[in-house]
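Structure record follows, encoded as structure tokens.
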Amino acid sequence: MEAPAVDTSDDARRAAARDVRQAIRAGRHDTVTTGLAPGIVQGNLVILPADWADDFERFCELNPKPCPLLARTAPGDPAVPDLGQDIDLRTDHPRYLVFEDGVLAAEETDISARWRDDLVGFVLGCSYSFEEALLAAGLPLRHQELGVKTSIYVSGIATEKAGPFEGPMVVSMRPYTPENAERAAEITSRFEKTHGAPVHIGDPAAIGIDDFATPYSGPPPVIREDEVPVFWACGVTPQVVVEHARPPLCITHKPGHMLITDLLSEEIATS
């Protein structure tokens, strides 16, 4: 007997995304979101007091590679209707990081108790969103094979300053053979709203990464003899920038623990 066909229609993908989001909200999933809800846009998170919000939005405008802005909420409103049905930024990331005066103060799975009427949420595109396109092209993903998040590094690439926000770009790394690296660059160039093409292929030191074996976040890299590291801009960049800007409060996602939206990656891709 043949196995039943898997429904990969757009409606089925969105329904699966909502199921994952509900599992996260209910506390049934509190770990990384890589590989979840294939074909669906995942999002990074930055929450700031309203009087810091305009400067941060300008920072995103000046730095679209690491901070591709998908949505900004109204002050005090945790909903993001442009990105999906019944999204609540207080509960729908598996894990959150809470920064006070630029210093990491807590890690939580629900920030409802911290929510205030002056808080503004920003959702930024995430490179997990283009991974299905890489897999469909036959390009493997080492972190999915190993069941871990991507290795993330603080590079020496400077961002453009906006108000108090400035600092180095954070990058995520996926290893490929040189031939597959070029294919990956071509494929991901269509997904500008989820970081687009790589910012660098090859020697980590060329972009200011001197200790490649020790990522800023994620596991040590597993890279084979015939492979080169491929680096994409990463939505963890604001977490490093916040350490410099030192707002009184900033809440972000924990790296690798993203918001599952209702948007299809192909809906925001360029032709």
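Starting from 1 in every chain, residues are counted up; chains themselves are A, B, ... following the order of the structure tokens, and ligands are numbered from 1 as listed.
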
Counting only C-alpha atoms, what is within 10 Å of A:Pro219, bar same-chain residues fewer than 5 positions away, as a PDB file with N, CA and C atoms, in the first residue's frame?
```
ATOM      1  N   HIS A 143      22.985  21.863  10.125  1.00  0.00           N
ATOM      2  CA  HIS A 143      22.373  22.045  11.445  1.00  0.00           C
ATOM      3  C   HIS A 143      21.069  21.262  11.563  1.00  0.00           C
ATOM      4  N   VAL A 148      20.417  20.842  15.515  1.00  0.00           N
ATOM      5  CA  VAL A 148      20.866  21.984  16.305  1.00  0.00           C
ATOM      6  C   VAL A 148      20.558  23.270  15.533  1.00  0.00           C
ATOM      7  N   LYS A 149      20.785  24.430  16.179  1.00  0.00           N
ATOM      8  CA  LYS A 149      20.637  25.689  15.471  1.00  0.00           C
ATOM      9  C   LYS A 149      21.915  26.010  14.716  1.00  0.00           C
ATOM     10  N   THR A 150      21.841  27.007  13.859  1.00  0.00           N
ATOM     11  CA  THR A 150      23.020  27.403  13.102  1.00  0.00           C
ATOM     12  C   THR A 150      24.076  28.010  14.022  1.00  0.00           C
ATOM     13  N   SER A 151      25.326  27.925  13.590  1.00  0.00           N
ATOM     14  CA  SER A 151      26.409  28.607  14.296  1.00  0.00           C
ATOM     15  C   SER A 151      26.365  30.085  13.917  1.00  0.00           C
ATOM     16  N   ILE A 152      26.455  30.960  14.916  1.00  0.00           N
ATOM     17  CA  ILE A 152      26.313  32.400  14.725  1.00  0.00           C
ATOM     18  C   ILE A 152      27.577  33.091  15.237  1.00  0.00           C
ATOM     19  N   ALA A 213      36.152  28.515  15.586  1.00  0.00           N
ATOM     20  CA  ALA A 213      35.740  27.324  16.342  1.00  0.00           C
ATOM     21  C   ALA A 213      34.811  27.657  17.495  1.00  0.00           C
ATOM     22  N   THR A 214      34.698  28.951  17.848  1.00  0.00           N
ATOM     23  CA  THR A 214      33.897  29.348  19.007  1.00  0.00           C
ATOM     24  C   THR A 214      32.843  30.360  18.587  1.00  0.00           C
TER      25      THR A 214
END
```

Problem - Spatial neighbours of A:Glu225, max dist 12 Å, only C-alpha atoms, sep filter under 5 positions, as an NGL selection string - result: :A and (175-178)

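Every residue of stretch 110-188 of chain A found in strand (DSSP E) when DSSP is run on the backbone appears here: Leu119, Val120, Gly121, Phe122, Val123, Leu124, Gly125, Ser151, Ile152, Tyr153, Val154, Ser155, Gly156, Ile157, Ala158, Pro168, Met169, Val170, Val171, Ser172, Met173, Arg174, Pro175 and Tyr176 of chain A.
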
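When only C-alpha atoms are used to compute distances to A:Pro220, the closest of the residues A:Leu146, A:Ala197, A:Ala105, A:Val241 turns out to be A:Leu146.
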
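Around A:Glu243, within 8 Å and counting only C-alpha atoms, the residues found are Asp101, Gly102, Val103 and Gln239 of chain A, once anything fewer than 4 positions away on its own chain is removed.
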
Within stretch 140-269 of chain A, find each residue whose DSSP state, derived from the backbone, is alpha helix (DSSP H), and express the selection as a PDB file with N, CA, C and O atoms, in the first residue's frame.
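part-v6.pdb written:
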```pdb
ATOM      1  N   ARG A 142      23.452  21.292   7.396  1.00  0.00           N
ATOM      2  CA  ARG A 142      24.142  20.542   8.428  1.00  0.00           C
ATOM      3  C   ARG A 142      23.445  20.667   9.778  1.00  0.00           C
ATOM      4  O   ARG A 142      23.317  19.680  10.522  1.00  0.00           O
ATOM      5  N   HIS A 143      22.985  21.863  10.125  1.00  0.00           N
ATOM      6  CA  HIS A 143      22.373  22.045  11.445  1.00  0.00           C
ATOM      7  C   HIS A 143      21.069  21.262  11.563  1.00  0.00           C
ATOM      8  O   HIS A 143      20.742  20.769  12.637  1.00  0.00           O
ATOM      9  N   GLN A 144      20.321  21.125  10.455  1.00  0.00           N
ATOM     10  CA  GLN A 144      19.117  20.297  10.516  1.00  0.00           C
ATOM     11  C   GLN A 144      19.485  18.820  10.630  1.00  0.00           C
ATOM     12  O   GLN A 144      18.818  18.060  11.345  1.00  0.00           O
ATOM     13  N   GLU A 145      20.519  18.400   9.929  1.00  0.00           N
ATOM     14  CA  GLU A 145      20.971  17.009  10.031  1.00  0.00           C
ATOM     15  C   GLU A 145      21.343  16.662  11.467  1.00  0.00           C
ATOM     16  O   GLU A 145      21.081  15.546  11.943  1.00  0.00           O
ATOM     17  N   LEU A 146      21.944  17.627  12.168  1.00  0.00           N
ATOM     18  CA  LEU A 146      22.412  17.396  13.541  1.00  0.00           C
ATOM     19  C   LEU A 146      21.379  17.752  14.595  1.00  0.00           C
ATOM     20  O   LEU A 146      21.580  17.496  15.779  1.00  0.00           O
ATOM     21  N   PRO A 178      32.347  24.490  -2.499  1.00  0.00           N
ATOM     22  CA  PRO A 178      32.370  25.749  -3.256  1.00  0.00           C
ATOM     23  C   PRO A 178      31.290  25.830  -4.337  1.00  0.00           C
ATOM     24  O   PRO A 178      30.671  26.881  -4.526  1.00  0.00           O
ATOM     25  N   GLU A 179      31.052  24.715  -5.031  1.00  0.00           N
ATOM     26  CA  GLU A 179      30.016  24.720  -6.071  1.00  0.00           C
ATOM     27  C   GLU A 179      28.637  24.954  -5.457  1.00  0.00           C
ATOM     28  O   GLU A 179      27.847  25.778  -5.942  1.00  0.00           O
ATOM     29  N   ASN A 180      28.338  24.257  -4.372  1.00  0.00           N
ATOM     30  CA  ASN A 180      27.030  24.424  -3.727  1.00  0.00           C
ATOM     31  C   ASN A 180      26.894  25.784  -3.050  1.00  0.00           C
ATOM     32  O   ASN A 180      25.785  26.312  -2.925  1.00  0.00           O
ATOM     33  N   ALA A 181      28.014  26.365  -2.631  1.00  0.00           N
ATOM     34  CA  ALA A 181      27.963  27.702  -2.044  1.00  0.00           C
ATOM     35  C   ALA A 181      27.467  28.710  -3.070  1.00  0.00           C
ATOM     36  O   ALA A 181      26.657  29.595  -2.759  1.00  0.00           O
ATOM     37  N   GLU A 182      27.942  28.594  -4.304  1.00  0.00           N
ATOM     38  CA  GLU A 182      27.488  29.503  -5.354  1.00  0.00           C
ATOM     39  C   GLU A 182      26.004  29.283  -5.661  1.00  0.00           C
ATOM     40  O   GLU A 182      25.258  30.242  -5.887  1.00  0.00           O
ATOM     41  N   ARG A 183      25.575  28.039  -5.659  1.00  0.00           N
ATOM     42  CA  ARG A 183      24.156  27.747  -5.882  1.00  0.00           C
ATOM     43  C   ARG A 183      23.306  28.302  -4.737  1.00  0.00           C
ATOM     44  O   ARG A 183      22.238  28.876  -4.972  1.00  0.00           O
ATOM     45  N   ALA A 184      23.794  28.152  -3.510  1.00  0.00           N
ATOM     46  CA  ALA A 184      23.056  28.668  -2.356  1.00  0.00           C
ATOM     47  C   ALA A 184      22.931  30.181  -2.423  1.00  0.00           C
ATOM     48  O   ALA A 184      21.884  30.755  -2.092  1.00  0.00           O
ATOM     49  N   ALA A 185      23.990  30.856  -2.865  1.00  0.00           N
ATOM     50  CA  ALA A 185      23.948  32.307  -2.997  1.00  0.00           C
ATOM     51  C   ALA A 185      22.908  32.729  -4.022  1.00  0.00           C
ATOM     52  O   ALA A 185      22.138  33.687  -3.811  1.00  0.00           O
ATOM     53  N   GLU A 186      22.848  32.021  -5.118  1.00  0.00           N
ATOM     54  CA  GLU A 186      21.867  32.353  -6.166  1.00  0.00           C
ATOM     55  C   GLU A 186      20.441  32.130  -5.673  1.00  0.00           C
ATOM     56  O   GLU A 186      19.562  32.968  -5.875  1.00  0.00           O
ATOM     57  N   ILE A 187      20.213  31.022  -4.992  1.00  0.00           N
ATOM     58  CA  ILE A 187      18.864  30.698  -4.504  1.00  0.00           C
ATOM     59  C   ILE A 187      18.404  31.712  -3.470  1.00  0.00           C
ATOM     60  O   ILE A 187      17.291  32.235  -3.528  1.00  0.00           O
ATOM     61  N   THR A 188      19.249  32.006  -2.505  1.00  0.00           N
ATOM     62  CA  THR A 188      18.821  32.873  -1.397  1.00  0.00           C
ATOM     63  C   THR A 188      18.764  34.349  -1.785  1.00  0.00           C
ATOM     64  O   THR A 188      18.151  35.146  -1.060  1.00  0.00           O
ATOM     65  N   THR A 237      21.748  40.321  15.129  1.00  0.00           N
ATOM     66  CA  THR A 237      22.490  41.587  15.159  1.00  0.00           C
ATOM     67  C   THR A 237      21.930  42.577  16.189  1.00  0.00           C
ATOM     68  O   THR A 237      22.711  43.185  16.945  1.00  0.00           O
ATOM     69  N   PRO A 238      20.602  42.796  16.272  1.00  0.00           N
ATOM     70  CA  PRO A 238      20.099  43.749  17.271  1.00  0.00           C
ATOM     71  C   PRO A 238      20.479  43.412  18.704  1.00  0.00           C
ATOM     72  O   PRO A 238      20.609  44.321  19.536  1.00  0.00           O
ATOM     73  N   GLN A 239      20.668  42.145  19.027  1.00  0.00           N
ATOM     74  CA  GLN A 239      21.025  41.798  20.398  1.00  0.00           C
ATOM     75  C   GLN A 239      22.416  42.327  20.757  1.00  0.00           C
ATOM     76  O   GLN A 239      22.649  42.775  21.885  1.00  0.00           O
ATOM     77  N   VAL A 240      23.328  42.304  19.793  1.00  0.00           N
ATOM     78  CA  VAL A 240      24.660  42.858  20.028  1.00  0.00           C
ATOM     79  C   VAL A 240      24.589  44.384  20.055  1.00  0.00           C
ATOM     80  O   VAL A 240      25.233  45.040  20.882  1.00  0.00           O
ATOM     81  N   VAL A 241      23.775  44.944  19.175  1.00  0.00           N
ATOM     82  CA  VAL A 241      23.623  46.405  19.111  1.00  0.00           C
ATOM     83  C   VAL A 241      22.998  46.941  20.397  1.00  0.00           C
ATOM     84  O   VAL A 241      23.375  48.004  20.903  1.00  0.00           O
ATOM     85  N   VAL A 242      22.043  46.213  20.953  1.00  0.00           N
ATOM     86  CA  VAL A 242      21.378  46.627  22.198  1.00  0.00           C
ATOM     87  C   VAL A 242      22.376  46.696  23.353  1.00  0.00           C
ATOM     88  O   VAL A 242      22.258  47.555  24.240  1.00  0.00           O
ATOM     89  N   GLU A 243      23.362  45.810  23.356  1.00  0.00           N
ATOM     90  CA  GLU A 243      24.370  45.844  24.408  1.00  0.00           C
ATOM     91  C   GLU A 243      25.137  47.168  24.390  1.00  0.00           C
ATOM     92  O   GLU A 243      25.602  47.640  25.427  1.00  0.00           O
ATOM     93  N   HIS A 244      25.249  47.772  23.204  1.00  0.00           N
ATOM     94  CA  HIS A 244      25.922  49.067  23.088  1.00  0.00           C
ATOM     95  C   HIS A 244      24.964  50.212  23.391  1.00  0.00           C
ATOM     96  O   HIS A 244      25.299  51.163  24.096  1.00  0.00           O
ATOM     97  N   ALA A 245      23.723  50.142  22.858  1.00  0.00           N
ATOM     98  CA  ALA A 245      22.754  51.238  23.012  1.00  0.00           C
ATOM     99  C   ALA A 245      22.213  51.345  24.434  1.00  0.00           C
ATOM    100  O   ALA A 245      21.841  52.425  24.889  1.00  0.00           O
TER     101      ALA A 245
END
```

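Using only C-alpha atoms, the shortest contact distance between A:Val199 and any of A:Pro66, A:Pro255, A:Gly76, A:Gly35 is found at A:Pro66.
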
Completion exercise
Among A:Glu107, A:Glu160, A:Asp117, A:Glu267, A:Val41 is approached most closely, using only C-alpha atoms, by A:Glu267

Handout entry: Close residues, A:Lys65 itself excluded, 9 Å, only C-alpha atoms, min 6 positions apart in chain, as a ChimeraX atom specification
Key = /A:192-197,199,232-235

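When only C-alpha atoms are used to compute distances to A:Ala162, the closest of the residues A:Ala50, A:Leu62, A:Val230, A:Leu259 turns out to be A:Leu62.
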
Handout entry: Interatomic distance (Å, one decimal) between atom CA of A:Pro38 and atom CA of A:Arg190
Key = 16.9 Å
